[in-house]
file final_9.txt (compact mmCIF, C-alpha atoms)
# COMPACT_ATOMS: atom_id res chain seq x y z
CA MET A 324 12.24 16.77 -27.87
CA ASN A 325 9.49 19.18 -28.87
CA GLN A 326 10.74 19.25 -32.46
CA MET A 327 11.38 15.52 -32.72
CA ASN A 328 9.15 13.41 -34.96
CA ILE A 329 7.79 10.38 -33.11
CA ALA A 330 8.48 8.32 -36.24
CA GLN A 331 12.19 8.77 -35.46
CA VAL A 332 11.85 7.35 -31.94
CA ASP A 333 12.12 3.67 -31.01
CA LEU A 334 9.08 3.27 -28.75
CA ASN A 335 10.69 0.23 -27.13
CA LEU A 336 12.77 2.80 -25.26
CA LEU A 337 9.67 3.67 -23.26
CA LYS A 338 9.45 0.09 -22.01
CA ALA A 339 13.12 0.28 -21.05
CA PHE A 340 12.52 3.56 -19.21
CA GLU A 341 9.61 2.10 -17.24
CA ALA A 342 11.61 -0.98 -16.28
CA LEU A 343 14.62 1.08 -15.21
CA HIS A 344 12.45 3.35 -13.06
CA ASP A 345 10.58 0.45 -11.44
CA GLU A 346 13.61 -1.77 -10.82
CA SER A 347 16.30 0.85 -10.01
CA SER A 348 18.83 -1.45 -11.65
CA ALA A 349 19.94 -2.00 -15.24
CA SER A 350 20.51 -5.71 -14.67
CA ARG A 351 17.07 -6.25 -13.10
CA ALA A 352 15.41 -4.16 -15.80
CA ALA A 353 17.15 -6.29 -18.46
CA LEU A 354 15.94 -9.47 -16.75
CA ARG A 355 12.40 -8.10 -16.59
CA LEU A 356 12.34 -7.33 -20.32
CA GLY A 357 14.23 -10.44 -21.37
CA VAL A 358 17.17 -8.59 -22.94
CA THR A 359 20.89 -8.54 -22.24
CA GLN A 360 22.40 -6.08 -19.80
CA SER A 361 24.45 -4.54 -22.62
CA ALA A 362 21.24 -3.94 -24.56
CA MET A 363 19.71 -2.25 -21.52
CA SER A 364 22.80 -0.07 -21.08
CA ALA A 365 22.53 0.94 -24.72
CA ALA A 366 18.85 1.76 -24.24
CA LEU A 367 19.73 3.96 -21.26
CA ARG A 368 22.29 5.85 -23.36
CA ARG A 369 19.69 6.45 -26.06
CA LEU A 370 17.13 7.56 -23.49
CA ARG A 371 19.58 10.10 -22.09
CA GLU A 372 20.17 11.47 -25.57
CA LEU A 373 16.46 11.52 -26.31
CA TYR A 374 15.46 13.49 -23.21
CA GLY A 375 18.65 15.49 -22.73
CA ASP A 376 18.96 14.37 -19.11
CA GLN A 377 20.90 11.77 -17.11
CA LEU A 378 17.52 10.28 -16.04
CA PHE A 379 19.16 7.76 -13.67
CA VAL A 380 22.29 8.25 -11.57
CA ARG A 381 24.27 5.55 -9.81
CA THR A 382 24.10 5.33 -6.01
CA GLY A 383 25.22 2.76 -3.50
CA ARG A 384 21.84 1.05 -3.88
CA GLY A 385 21.50 1.07 -7.66
CA LEU A 386 20.05 3.64 -10.05
CA ALA A 387 18.21 6.65 -8.63
CA PRO A 388 15.84 8.63 -10.91
CA THR A 389 16.47 12.32 -11.49
CA LEU A 390 13.76 14.93 -11.12
CA ARG A 391 13.12 14.76 -14.88
CA ALA A 392 12.78 10.95 -14.73
CA ASN A 393 10.23 11.22 -11.93
CA GLN A 394 8.29 13.75 -13.98
CA LEU A 395 8.36 11.47 -17.02
CA LYS A 396 7.40 8.25 -15.22
CA PRO A 397 3.60 8.78 -14.90
CA VAL A 398 3.38 10.03 -18.49
CA VAL A 399 5.35 7.09 -19.90
CA SER A 400 3.53 4.48 -17.80
CA GLU A 401 0.13 5.89 -18.74
CA ALA A 402 1.05 5.77 -22.43
CA LEU A 403 2.19 2.14 -22.13
CA ASN A 404 -0.91 1.20 -20.16
CA LYS A 405 -3.08 2.68 -22.92
CA CYS A 406 -1.33 0.37 -25.37
CA ARG A 407 -1.96 -2.58 -23.05
CA GLN A 408 -5.63 -1.59 -22.80
CA SER A 409 -5.88 -1.59 -26.59
CA LEU A 410 -4.75 -5.22 -26.65
CA ALA A 411 -7.41 -6.14 -24.12
CA MET A 412 -10.03 -4.45 -26.34
CA VAL A 413 -9.07 -6.72 -29.24
CA ASP A 414 -9.71 -9.84 -27.15
CA PRO A 415 -11.07 -9.07 -23.66
CA GLN A 416 -10.90 -12.76 -22.68
CA ALA A 417 -7.22 -13.12 -23.54
CA SER A 418 -4.47 -12.76 -20.98
CA HIS A 419 -2.71 -9.47 -21.61
CA TYR A 420 -1.41 -9.03 -18.08
CA GLN A 421 2.18 -10.20 -18.60
CA GLY A 422 4.47 -7.31 -17.68
CA ARG A 423 1.60 -5.22 -16.30
CA SER A 424 1.54 -4.06 -12.69
CA VAL A 425 -0.98 -2.24 -10.51
CA ALA A 426 0.23 -0.26 -7.49
CA ILE A 427 -1.99 -0.21 -4.40
CA GLY A 428 -1.43 2.30 -1.62
CA LEU A 429 -2.27 0.96 1.84
CA SER A 430 -0.94 0.80 5.37
CA ASP A 431 0.65 -2.44 6.50
CA ASP A 432 -2.30 -3.45 8.69
CA PHE A 433 -4.29 -4.06 5.52
CA GLU A 434 -1.30 -5.69 3.88
CA ILE A 435 -0.96 -8.07 6.83
CA ALA A 436 -4.66 -8.91 7.02
CA TYR A 437 -5.68 -8.93 3.35
CA GLY A 438 -2.50 -9.08 1.26
CA ARG A 439 -2.44 -12.83 0.70
CA ARG A 440 -6.16 -12.98 -0.02
CA LEU A 441 -5.85 -10.09 -2.45
CA ILE A 442 -2.98 -11.76 -4.30
CA GLU A 443 -5.13 -14.87 -4.75
CA GLU A 444 -8.19 -12.90 -5.87
CA VAL A 445 -6.16 -10.97 -8.45
CA ALA A 446 -4.51 -14.15 -9.73
CA ARG A 447 -7.96 -15.57 -10.51
CA ARG A 448 -9.09 -12.45 -12.36
CA ALA A 449 -5.85 -11.35 -14.02
CA PRO A 450 -3.23 -14.11 -14.31
CA LYS A 451 0.39 -12.94 -14.40
CA LEU A 452 -0.50 -9.42 -13.24
CA ARG A 453 1.96 -8.08 -10.68
CA LEU A 454 0.71 -6.24 -7.59
CA ILE A 455 2.80 -3.55 -5.94
CA PHE A 456 1.91 -2.74 -2.32
CA ARG A 457 3.08 0.76 -1.35
CA GLN A 458 2.90 2.17 2.17
CA SER A 459 0.36 4.98 2.46
CA HIS A 460 -2.17 6.57 4.81
CA SER A 461 -5.09 8.98 4.67
CA GLN A 462 -2.95 12.12 4.88
CA ILE A 463 -0.98 11.39 1.71
CA VAL A 464 -3.06 8.92 -0.28
CA GLY A 465 -5.02 11.47 -2.33
CA GLU A 466 -1.90 13.21 -3.56
CA ALA A 467 -0.25 9.87 -4.34
CA LEU A 468 -3.20 8.94 -6.55
CA LEU A 469 -3.20 12.28 -8.33
CA GLN A 470 0.55 12.06 -8.91
CA ARG A 471 0.03 8.53 -10.30
CA SER A 472 2.54 6.89 -7.98
CA ILE A 473 -0.29 4.47 -7.11
CA ASP A 474 -3.31 3.26 -9.09
CA LEU A 475 -5.67 2.35 -6.23
CA ALA A 476 -5.70 2.96 -2.49
CA ILE A 477 -7.27 1.49 0.63
CA SER A 478 -7.60 4.03 3.42
CA ALA A 479 -9.86 5.59 6.03
CA GLY A 480 -10.61 8.68 3.99
CA GLY A 481 -8.32 10.95 2.03
CA PHE A 482 -10.28 10.81 -1.24
CA ALA A 483 -12.05 14.19 -1.12
CA GLU A 484 -10.31 15.61 -4.21
CA ARG A 485 -12.58 16.32 -7.17
CA MET A 486 -10.69 14.01 -9.55
CA LEU A 487 -10.92 10.98 -7.24
CA SER A 488 -13.66 8.39 -6.82
CA ARG A 489 -14.27 6.16 -3.81
CA GLN A 490 -16.24 3.15 -2.65
CA VAL A 491 -16.93 2.12 0.95
CA LEU A 492 -15.54 -1.33 1.69
CA GLY A 493 -16.81 -1.67 5.25
CA GLU A 494 -16.17 -0.52 8.77
CA GLY A 495 -14.87 -2.07 11.93
CA ALA A 496 -13.68 -1.75 15.50
CA TYR A 497 -10.49 -1.98 17.51
CA LEU A 498 -9.00 -4.86 19.48
CA CYS A 499 -6.03 -5.08 21.82
CA LEU A 500 -2.90 -7.23 21.67
CA ALA A 501 -0.71 -8.25 24.61
CA ASP A 502 1.82 -10.91 25.53
CA PRO A 503 -0.23 -13.81 26.99
CA ALA A 504 2.49 -14.23 29.62
CA SER A 505 1.47 -10.84 31.03
CA LEU A 506 -2.08 -12.08 31.73
CA ALA A 507 -3.42 -14.21 34.56
CA PRO A 508 -4.18 -17.86 33.68
CA GLY A 509 -7.42 -17.99 31.72
CA GLN A 510 -7.69 -14.20 31.49
CA ARG A 511 -9.43 -13.18 28.27
CA ALA A 512 -10.01 -9.47 28.85
CA ILE A 513 -8.65 -6.45 30.69
CA ASP A 514 -10.80 -3.82 32.36
CA LEU A 515 -10.33 -0.09 31.97
CA ASP A 516 -8.27 0.23 35.16
CA GLU A 517 -5.78 -2.40 34.01
CA PHE A 518 -5.79 -0.90 30.52
CA VAL A 519 -4.74 2.50 31.89
CA ALA A 520 -2.22 1.00 34.31
CA ARG A 521 -0.33 -0.85 31.56
CA GLU A 522 2.18 0.74 29.24
CA HIS A 523 1.10 1.11 25.63
CA VAL A 524 2.72 0.72 22.22
CA LEU A 525 1.25 3.22 19.74
CA VAL A 526 1.06 2.57 16.00
CA SER A 527 0.79 5.85 14.13
CA SER A 528 1.88 7.19 10.77
CA GLN A 529 2.51 10.55 12.39
CA GLY A 530 2.14 12.35 15.69
CA PHE A 531 2.09 11.07 19.25
CA ILE A 532 -1.64 11.04 19.97
CA GLY A 533 -3.92 8.24 18.81
CA ILE A 534 -7.65 7.64 18.89
CA THR A 535 -7.14 5.76 22.17
CA ASP A 536 -5.81 8.93 23.81
CA GLU A 537 -8.86 10.84 22.60
CA GLY A 538 -11.19 8.19 24.04
CA LEU A 539 -9.40 8.22 27.40
CA ALA A 540 -9.35 12.02 27.52
CA ALA A 541 -13.14 12.07 27.18
CA LEU A 542 -13.23 10.07 30.42
CA GLY A 543 -10.66 12.27 32.14
CA LEU A 544 -8.00 9.55 31.84
CA SER A 545 -4.63 9.20 30.13
CA ARG A 546 -2.15 6.44 29.33
CA GLN A 547 1.62 5.99 29.26
CA VAL A 548 2.97 5.30 25.78
CA CYS A 549 6.33 3.57 26.11
CA ALA A 550 7.03 3.47 22.36
CA SER A 551 5.48 4.33 19.03
CA THR A 552 6.05 2.77 15.62
CA THR A 553 4.82 3.31 12.08
CA HIS A 554 4.63 -0.44 11.35
CA PHE A 555 2.02 -2.87 12.63
CA ALA A 556 4.37 -5.73 11.72
CA ALA A 557 6.75 -4.63 14.48
CA LEU A 558 4.21 -5.22 17.26
CA PRO A 559 5.02 -8.88 18.02
CA HIS A 560 8.65 -7.93 18.66
CA LEU A 561 7.70 -4.89 20.76
CA LEU A 562 5.05 -6.61 22.89
CA LYS A 563 6.64 -10.00 23.63
CA GLY A 564 8.19 -10.14 27.07
CA SER A 565 6.48 -6.95 28.25
CA GLN A 566 3.40 -5.78 30.13
CA ALA A 567 2.53 -3.41 27.29
CA VAL A 568 -0.68 -3.44 25.27
CA ALA A 569 -1.42 -2.19 21.75
CA THR A 570 -4.83 -1.06 20.50
CA ILE A 571 -5.08 -1.57 16.74
CA PRO A 572 -7.63 -2.30 13.98
CA ALA A 573 -9.39 -5.61 14.51
CA HIS A 574 -8.46 -7.08 11.12
CA ALA A 575 -4.74 -6.62 11.80
CA ALA A 576 -5.05 -7.69 15.44
CA ARG A 577 -6.69 -11.00 14.46
CA SER A 578 -4.09 -11.75 11.80
CA ILE A 579 -1.14 -10.90 14.04
CA ALA A 580 -2.54 -12.90 16.96
CA GLU A 581 -3.13 -15.93 14.75
CA LEU A 582 0.43 -15.92 13.43
CA THR A 583 2.34 -14.93 16.56
CA GLY A 584 0.37 -16.25 19.53
CA LEU A 585 -0.18 -12.82 21.05
CA ALA A 586 -3.34 -12.57 23.16
CA LEU A 587 -6.32 -10.98 21.41
CA LEU A 588 -8.37 -8.88 23.86
CA PRO A 589 -11.53 -6.74 23.61
CA CYS A 590 -10.84 -3.03 23.86
CA PRO A 591 -12.31 -1.72 27.15
CA LEU A 592 -12.84 1.70 25.56
CA ASP A 593 -15.84 2.53 23.39
CA LEU A 594 -13.96 3.72 20.31
CA PRO A 595 -15.80 4.97 17.21
CA ARG A 596 -16.24 2.95 14.06
CA TYR A 597 -15.80 4.57 10.67
CA PRO A 598 -15.80 3.57 7.01
CA ILE A 599 -12.88 2.05 5.16
CA GLU A 600 -12.71 3.23 1.56
CA LEU A 601 -11.24 2.20 -1.76
CA GLY A 602 -10.10 5.16 -3.85
CA TRP A 603 -8.96 5.65 -7.44
CA ARG A 604 -8.50 8.33 -10.09
CA THR A 605 -11.85 8.83 -11.79
CA SER A 606 -10.20 8.71 -15.22
CA ALA A 607 -8.90 5.22 -14.44
CA GLN A 608 -12.43 3.78 -14.66
CA ILE A 609 -11.82 2.87 -18.29
CA ASP A 610 -8.75 0.75 -17.53
CA PRO A 611 -9.96 -2.90 -17.50
CA VAL A 612 -6.93 -4.09 -15.52
CA VAL A 613 -7.50 -1.57 -12.72
CA LEU A 614 -11.18 -2.50 -12.76
CA LYS A 615 -10.29 -6.17 -12.21
CA VAL A 616 -8.06 -5.29 -9.28
CA ARG A 617 -10.82 -3.12 -7.82
CA GLU A 618 -13.17 -6.10 -8.03
CA ALA A 619 -10.58 -8.26 -6.27
CA ILE A 620 -10.19 -5.72 -3.46
CA VAL A 621 -13.94 -5.55 -2.90
CA ALA A 622 -14.10 -9.36 -2.76
CA SER A 623 -11.25 -9.40 -0.24
CA PHE A 624 -13.14 -7.04 2.06
CA GLU A 625 -16.44 -8.92 2.14
CA ALA A 626 -15.82 -9.80 5.79
CA THR A 627 -16.06 -7.15 8.49
CA CYS A 628 -12.94 -4.99 8.62
CA SER A 629 -11.50 -2.42 10.98
CA PRO A 630 -10.00 1.09 10.66
CA PRO A 631 -6.49 1.35 9.24
CA SER A 632 -4.57 3.39 11.79
CA GLY A 633 -3.41 2.41 15.24
CA GLY A 634 -4.74 3.77 18.50
call {"tool": "encode", "arguments": {"input": "final_9.txt", "output": "structure tokens"}}
result
Amino acid sequence: MNQMNIAQVDLNLLKAFEALHDESSASRAALRLGVTQSAMSAALRRLRELYGDQLFVRTGRGLAPTLRANQLKPVVSEALNKCRQSLAMVDPQASHYQGRSVAIGLSDDFEIAYGRRLIEEVARRAPKLRLIFRQSHSQIVGEALLQRSIDLAISAGGFAERMLSRQVLGEGAYLCLADPASLAPGQRAIDLDEFVAREHVLVSSQGFIGITDEGLAALGLSRQVCASTTHFAALPHLLKGSQAVATIPAHAARSIAELTGLALLPCPLDLPRYPIELGWRTSAQIDPVVLKVREAIVASFEATCSPPSGG
């Protein structure tokens, strides 16, 4: 490849590579690009010859990228995005978002609470742009941005690297969720004694200790965690029919309670508030599409929000 003249390369192969990597399927990649499956298969053969690598291998779930393909993906996507940016520079008011996607790293509490609103905000600013929500958290989000597996991220920190920029979106508190059947008629709160006496469901991306345990320890108290999960969306299924309580960010608690009928309760512990941040690669500031999505995220967080990890 080092000795190959770019004039000899069909640059449409880069679009095929991107589609194959994103879709993990030749048939879905063909549908995305509006070509036949045989044409996509031919493009894959030419890509393999071009890069001297299998690039994608068949598995039970479709096509899996090789190490070389994963190394090529951010380079190829950045090159294609530069081309898309050039079209926007010709006519900034025109819609050049067809086929373009922006990947946002976030935990599912933000996806639950703000995902729909964010989709609507982006649709107003960038019609036909596709959003990709990818699970992330503060411990891994910085590296994911630097490796270009995501374009933007919403997290409670994790943006300390020199090549990353950040903007504070807000801060918030915690609320509790419980099955209303576990409460007395008309009960709208639980005191600290009842809080400690109940079992707890912990939401955590890693580890077994949450901010709730730290707050209780400061008072010389502890709780019994009956189960832990990495997904806020699982809470309705884990709490219904039990005496358990979950302490989670207020934005997610309100959304889950509204949709599922779980009881929304004040947290009897005085837990700290801290900023929620939007992060991005500093070099991405010149990308008008990423800028539009950043604007949409800020608009979606105008209301008070809460921290992104469970307690």
call {"tool": "closest_residue", "arguments": {"input": "final_9.txt", "among": "A:Arg439, A:Arg617, A:Arg447, A:His574", "to": "Cys499 in chain A", "atoms": "only C-alpha atoms"}}
result
A:His574
call {"tool": "closest_residue", "arguments": {"input": "final_9.txt", "among": "A:Gln458, A:Ser488, A:Thr583, A:Thr535", "to": "Ser606 in chain A", "atoms": "only C-alpha atoms"}}
result
A:Ser488
call {"tool": "residues_around", "arguments": {"input": "final_9.txt", "residues": "range 361-378 of chain A", "least_positions_apart": "6", "cutoff": "7 Å", "atoms": "all atoms listed in the file", "output": "list in words"}}
result
Met324, Leu336, Ala339, Ala349, Ala353, Pro388, Thr389, Arg391 and Ala392 of chain A
call {"tool": "residues_around", "arguments": {"input": "final_9.txt", "residues": "range 459-465 of chain A", "least_positions_apart": "6", "cutoff": "12 Å", "atoms": "all atoms listed in the file", "output": "NGL selection string"}}
result
:A and (426-434 or 471-489 or 527-530 or 553-554 or 599-605 or 630-633)
call {"tool": "atom_distance", "arguments": {"input": "final_9.txt", "atom1": "CA of Gly509 in chain A", "atom2": "CA of Gln566 in chain A"}}
result
16.4 Å
call {"tool": "atom_distance", "arguments": {"input": "final_9.txt", "atom1": "CA of Leu356 in chain A", "atom2": "CA of Leu468 in chain A"}}
result
26.4 Å
call {"tool": "atom_distance", "arguments": {"input": "final_9.txt", "atom1": "CA of Leu403 in chain A", "atom2": "CA of Tyr437 in chain A"}}
result
28.9 Å
call {"tool": "closest_residue", "arguments": {"input": "final_9.txt", "among": "A:Cys590, A:Leu354, A:Ala504, A:Ile435", "to": "Ala556 in chain A", "atoms": "only C-alpha atoms"}}
result
A:Ile435
call {"tool": "closest_residue", "arguments": {"input": "final_9.txt", "among": "A:Pro559, A:Pro595, A:Gly495, A:Gly584", "to": "Glu537 in chain A", "atoms": "all atoms listed in the file"}}
result
A:Pro595
call {"tool": "residues_around", "arguments": {"input": "final_9.txt", "residues": "range 522-526 of chain A", "least_positions_apart": "3", "cutoff": "8 Å", "atoms": "only C-alpha atoms", "output": "ChimeraX atom specification"}}
result
/A:519,531,533,546-555,558,561-562,566-571,632-634
